[in-house]
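A.B. asks: Could you have a look at this structure, given as structure tokens, before my questions?
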Amino acid sequence: MRISRSAVSAVVACCALVGASACSGSGSGGGSSSGSGTYTFWDPYPQFDSSAAWAKLVASCGTQAGVTLKRTALDTTDLNNKALLAGQQGSLPDLMMVDNPFVSTLVQAGVLTKTSDLGLDTSALQKNIVGAGTTDGAAYGIPIGANTLALYYNKTILTQAGIDPASVKDWASLTAALKKAKAAGKKGITFGAIGTEEGSFQFLPWFWGAGGDLNKLDSPQGVAALTLWKDWVSQGLAPNDVLSNTQTTSWQEFATGQYAFGENGTWQLANAEKAGFDYGIITIPGQNGGSAPVPTGGEFVTVPVQKDTSRYAVDKKIMECLTSNTNFLSTDTTLSYIAPVSAVQDQQVQQNPALKPWVSAIAAARGRTSGGLGTKYPVISEQMWTAVQGALSGGKSPQSAMEAAQKGVASHQS
Amino acid sequence: MSTAHADDLHRSAATSRAPSEHADPPPAPSRRSRWVPRGSQLAAWAFLLPVVVYLGAFYAYPLYRNVDLSLRHYTVRSFVQGGAPFSGWDNFRQVIDNPTFSTALRNTMVFTLVSILFQYVLGLALAVFFHRGFRLAPTLRALFLIPWLLPLIVSASTWSWMFNSESGVVNYGLHLVGVGKVDWLTSPHWALTSVIIANIWIGIPFNLVILYSGLQNIPAELYEAASLDGATGWQQFRRITFPLLRPVSAITVLLGLIYTLKVFDLIWIMTRGGPGDSSTTLSTWSYRYGFGSLLPDFGPGAAVGNILILIALAFGLFYIRLQRSQPA
């Protein structure tokens, strides 16, 4: 009797173990159980808990569509990896917010529905912002807003060093300003050149600002941009640790109050208010003047492919709700993003005039995967940040670093 | 005492069984099956099952998947939708032909061997130091264990702050003694050294603890006899401590080898394998393939992972052989 009981309990224990491992594969995503009133939603905003305005908006959009919308927040990289795994296991959520350069990867994986198939229209949205989510002419999601890069400057240092921010119009005048700041005993500029996608994101305004083309990294324009960065570092106008700087650590450097300029994003506005010194913002100058094209950041609301197509009707309602003009205004204010619709942008500037330079930066912005690049971009980007690392660390000349990068792209595509 | 007791039990069990075996000598197996109820055999299997399921689910299957990944040509599409074509050794060939391969392999070897050497020497020196026993020794020893207790992300982030070229405490210290700025994490000449230094610091407690317990097993009489014979401290260490510690040392070093080969988080947090490939090891390279860019390349990533597993396996087999050849 005792034996059989222990045998039974052992069997029960293993079944539980087997069951648990079997369930973990498909249980987490949910979403595929048709007919239920619960829909699932993933976003990369773990900073917002259930009491945040964003979470409340998500829940209310679910309620308006007549369902319960269950939100799961993950870190961006985590969400990207999980989306591919969930795609493999058929457990994708009903709606998913995707970092814009990753949209084309998911499109290639075949896990996103076309926005037009849902009966949604993206023509009212700013073209360059939608571009990142467009493959072969079809949009695969609606941008919730966009962020981008500009130059923050420290007003105190600029005054001390006798630099007029309005005089910074091209690379030459910017470099001259950095030299003045250094001469005044301060540090010039900080940015993030880390060997990840962030590094490429930060490099792109200079690359595009020189007229560079991502299809040809080793063009004279591309080499010029890398030369600019390398010269700043070798002349001590930018610190050597930009090589390991993320945008966050770069911001922390700027926030020490020792740097005249810092290349950073829209999302730092709230932190800038807390920095304890007066700051200003100018758009990143192109090599020969004008605003350099900057890359767009920000997420798209997407609808992953579902077996049960009857769910799309509700998904559409939720998507319409999240991307209505009223909700754009509140969401983009919370996220410190710029709305993808000009009418809402005007309202944003009205509320907060400090956003004006950002709105013009967004107008000149490009999607990283736009222009037909799609999933070629991640390959190019990896080679590009490797070239930046190679040149800035002193190992290679900008010319040979970019040549090696172009070769790397070619060998990957062959 | 306890073994003697156990022997008694064995003997008594044997004698009590003996008469019946004489009287009735049927073949042993059938007798056993008569006496042992079926349920208990079932129970034996049931007890085995969890281990088998555990090993299958958490070791065999992931390993199989990793080998499978490395032998197929995966794109994001075929990863999600299935149907990746079998590509034989293509991924391995691609990885080995890549210029990063030789760099990563060399870095992995340098990282592992230098780390082990210093961890062992410093760990042994500290173990001998603490073995003497002095006031507050236990407290101090506990303090030395801190690197082991800290989560790796904390120690790695702290090291990368300390090594920061602009505002790090290490460069500040160097500045005080008149040495110029060193770009610890951002110069291709120093990045590998920096992560090795951090890794040595993290590995010392492990060596300290194992070697210290090894020292406890060396009989004190040996030292007493040696000092009566006039042996100096260094002679005692060379002739007694080191030889008698050899079995423990071998195990410490081999376990350290296996642990250090696969170090990933420390390097990733401190340098991401950069600048360029200057601190890239096989483990960070494998991760970079799989998760480092927006377009995962799982096939070559798995291939690098499998090469690393093979290297660790070679050391593992060596460890098992060594353990068998040693008297318990």
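Labeling convention for the structure tokens: chains A, B, ... as they appear, residues from 1 per chain, ligands from 1 in order of appearance.
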Env of A:Val67: 7 Å cut, atoms = only C-alpha atoms, seq-sep filter 4 positions within chain, self excluded. Answer as an MDAnalysis selection string.

C.D. replies: chainID A and resid 37:39 62:63

A.B. asks: Could you list, as JSON, numbers by chain, every residue within 9 Å of stretch 159-162 of chain A, counting only C-alpha atoms and ignoring same-chain residues fewer than 6 positions away?

C.D. replies: {"A": [177, 180, 181, 182, 183, 184, 185, 186]}

A.B. asks: Please report as a tab-separated table (two decimals) with N, CA and C atoms, in the first residue's frame which residues of chain B come no farther than 7 Å from chain A, using only C-alpha atoms.

C.D. replies:
chain	number	residue	atom	x	y	z
B	39	GLY	N	4.52	-3.86	-7.95
B	39	GLY	CA	4.35	-2.43	-7.69
B	39	GLY	C	5.67	-1.75	-7.35
B	40	SER	N	6.53	-2.49	-6.67
B	40	SER	CA	7.76	-1.83	-6.24
B	40	SER	C	8.70	-1.63	-7.43
B	42	LEU	N	7.60	-1.03	-10.38
B	42	LEU	CA	6.98	0.13	-11.02
B	42	LEU	C	7.44	1.40	-10.32
B	43	ALA	N	7.50	1.29	-8.99
B	43	ALA	CA	7.91	2.46	-8.21
B	43	ALA	C	9.35	2.83	-8.54
B	46	ALA	N	9.30	4.61	-11.63
B	46	ALA	CA	8.69	5.92	-11.43
B	46	ALA	C	9.68	6.89	-10.79
B	47	PHE	N	10.54	6.32	-9.91
B	47	PHE	CA	11.54	7.18	-9.31
B	47	PHE	C	12.60	7.60	-10.32
B	49	LEU	N	11.99	7.96	-13.53
B	49	LEU	CA	11.38	8.75	-14.59
B	49	LEU	C	11.64	10.26	-14.50
B	50	PRO	N	11.48	10.85	-13.28
B	50	PRO	CA	11.70	12.30	-13.22
B	50	PRO	C	13.08	12.70	-13.73
B	76	VAL	N	15.00	34.19	-40.90
B	76	VAL	CA	13.94	34.44	-39.92
B	76	VAL	C	12.65	33.76	-40.37
B	77	ARG	N	12.44	33.72	-41.69
B	77	ARG	CA	11.21	33.13	-42.19
B	77	ARG	C	11.16	31.63	-41.87
B	79	PHE	N	12.81	30.11	-39.67
B	79	PHE	CA	12.82	29.90	-38.22
B	79	PHE	C	11.40	29.88	-37.69
B	80	VAL	N	10.58	30.80	-38.21
B	80	VAL	CA	9.21	30.89	-37.72
B	80	VAL	C	8.29	29.89	-38.42
B	81	GLN	N	8.40	29.83	-39.77
B	81	GLN	CA	7.45	29.01	-40.52
B	81	GLN	C	7.90	27.57	-40.68
B	164	ASN	N	36.13	53.19	-16.60
B	164	ASN	CA	35.77	54.27	-17.53
B	164	ASN	C	36.96	55.21	-17.75
B	165	SER	N	37.24	55.52	-19.03
B	165	SER	CA	38.45	56.32	-19.30
B	165	SER	C	38.35	57.72	-18.73
B	166	GLU	N	37.14	58.32	-18.78
B	166	GLU	CA	37.01	59.72	-18.40
B	166	GLU	C	36.86	59.90	-16.90
B	186	THR	N	38.01	50.87	-24.09
B	186	THR	CA	37.76	51.34	-25.45
B	186	THR	C	39.00	51.30	-26.32
B	187	SER	N	40.09	50.77	-25.81
B	187	SER	CA	41.27	50.60	-26.66
B	187	SER	C	41.41	49.12	-26.98
B	188	PRO	N	41.67	48.80	-28.26
B	188	PRO	CA	41.77	47.39	-28.62
B	188	PRO	C	42.93	46.69	-27.90
B	271	THR	N	32.25	45.23	-22.39
B	271	THR	CA	32.76	45.73	-23.68
B	271	THR	C	31.94	45.31	-24.89
B	272	ARG	N	30.94	44.46	-24.72
B	272	ARG	CA	30.20	43.85	-25.85
B	272	ARG	C	31.16	43.17	-26.83
B	274	GLY	N	33.92	44.34	-27.79
B	274	GLY	CA	34.62	45.33	-28.57
B	274	GLY	C	35.79	45.94	-27.82
B	275	PRO	N	36.37	47.02	-28.31
B	275	PRO	CA	36.05	47.63	-29.60
B	275	PRO	C	36.48	46.73	-30.76
B	276	GLY	N	35.68	46.76	-31.81
B	276	GLY	CA	35.90	45.81	-32.90
B	276	GLY	C	35.68	44.41	-32.34
B	293	SER	N	21.98	41.54	-33.47
B	293	SER	CA	21.48	42.52	-34.44
B	293	SER	C	19.98	42.32	-34.61
B	294	LEU	N	19.40	43.17	-35.46
B	294	LEU	CA	17.95	43.10	-35.65
B	294	LEU	C	17.56	41.93	-36.53
B	295	LEU	N	18.55	41.27	-37.14
B	295	LEU	CA	18.24	40.14	-38.01
B	295	LEU	C	19.01	38.92	-37.50

A.B. asks: Enter the distance from atom CA of A:Gln306 to atom CA of A:Asp49, in Å, rounded to one decimal.

C.D. replies: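 Interatomic distance, atom CA of A:Gln306 to atom CA of A:Asp49: 27.2 Å.
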
A.B. asks: For B:Val195, please output as a ChimeraX atom specification all residues within 10 Å (counting only C-alpha atoms; exclusion window: fewer than 2 positions along the same chain).

C.D. replies: /B:111,115,156,159-160,163,184-185,190-193,197-201,266-271,273,279

A.B. asks: What does the distance from atom CA of A:Ala410 to atom CA of A:Asn215 come to in Å, to one decimal?

C.D. replies: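 About the pair atom CA of A:Ala410 and atom CA of A:Asn215: they are 9.9 Å apart.
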
A.B. asks: Please, what distance in Å, to one decimal, runs between atom CA of A:Ile157 and atom CA of B:Gly173?

C.D. replies: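 Separation of atom CA of A:Ile157 and atom CA of B:Gly173: 27.9 Å.
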
A.B. asks: Can you list, as number ranges by chain, every protein, DNA or RNA residue that comes within 10 Å of stretch 301-317 of chain B when you count only C-alpha atoms, leaving out same-chain residues fewer than 5 positions away?

C.D. replies: B: 63, 65-72, 89-96, 101, 105, 108, 254-255, 257-262, 281-291, 296, 322-323
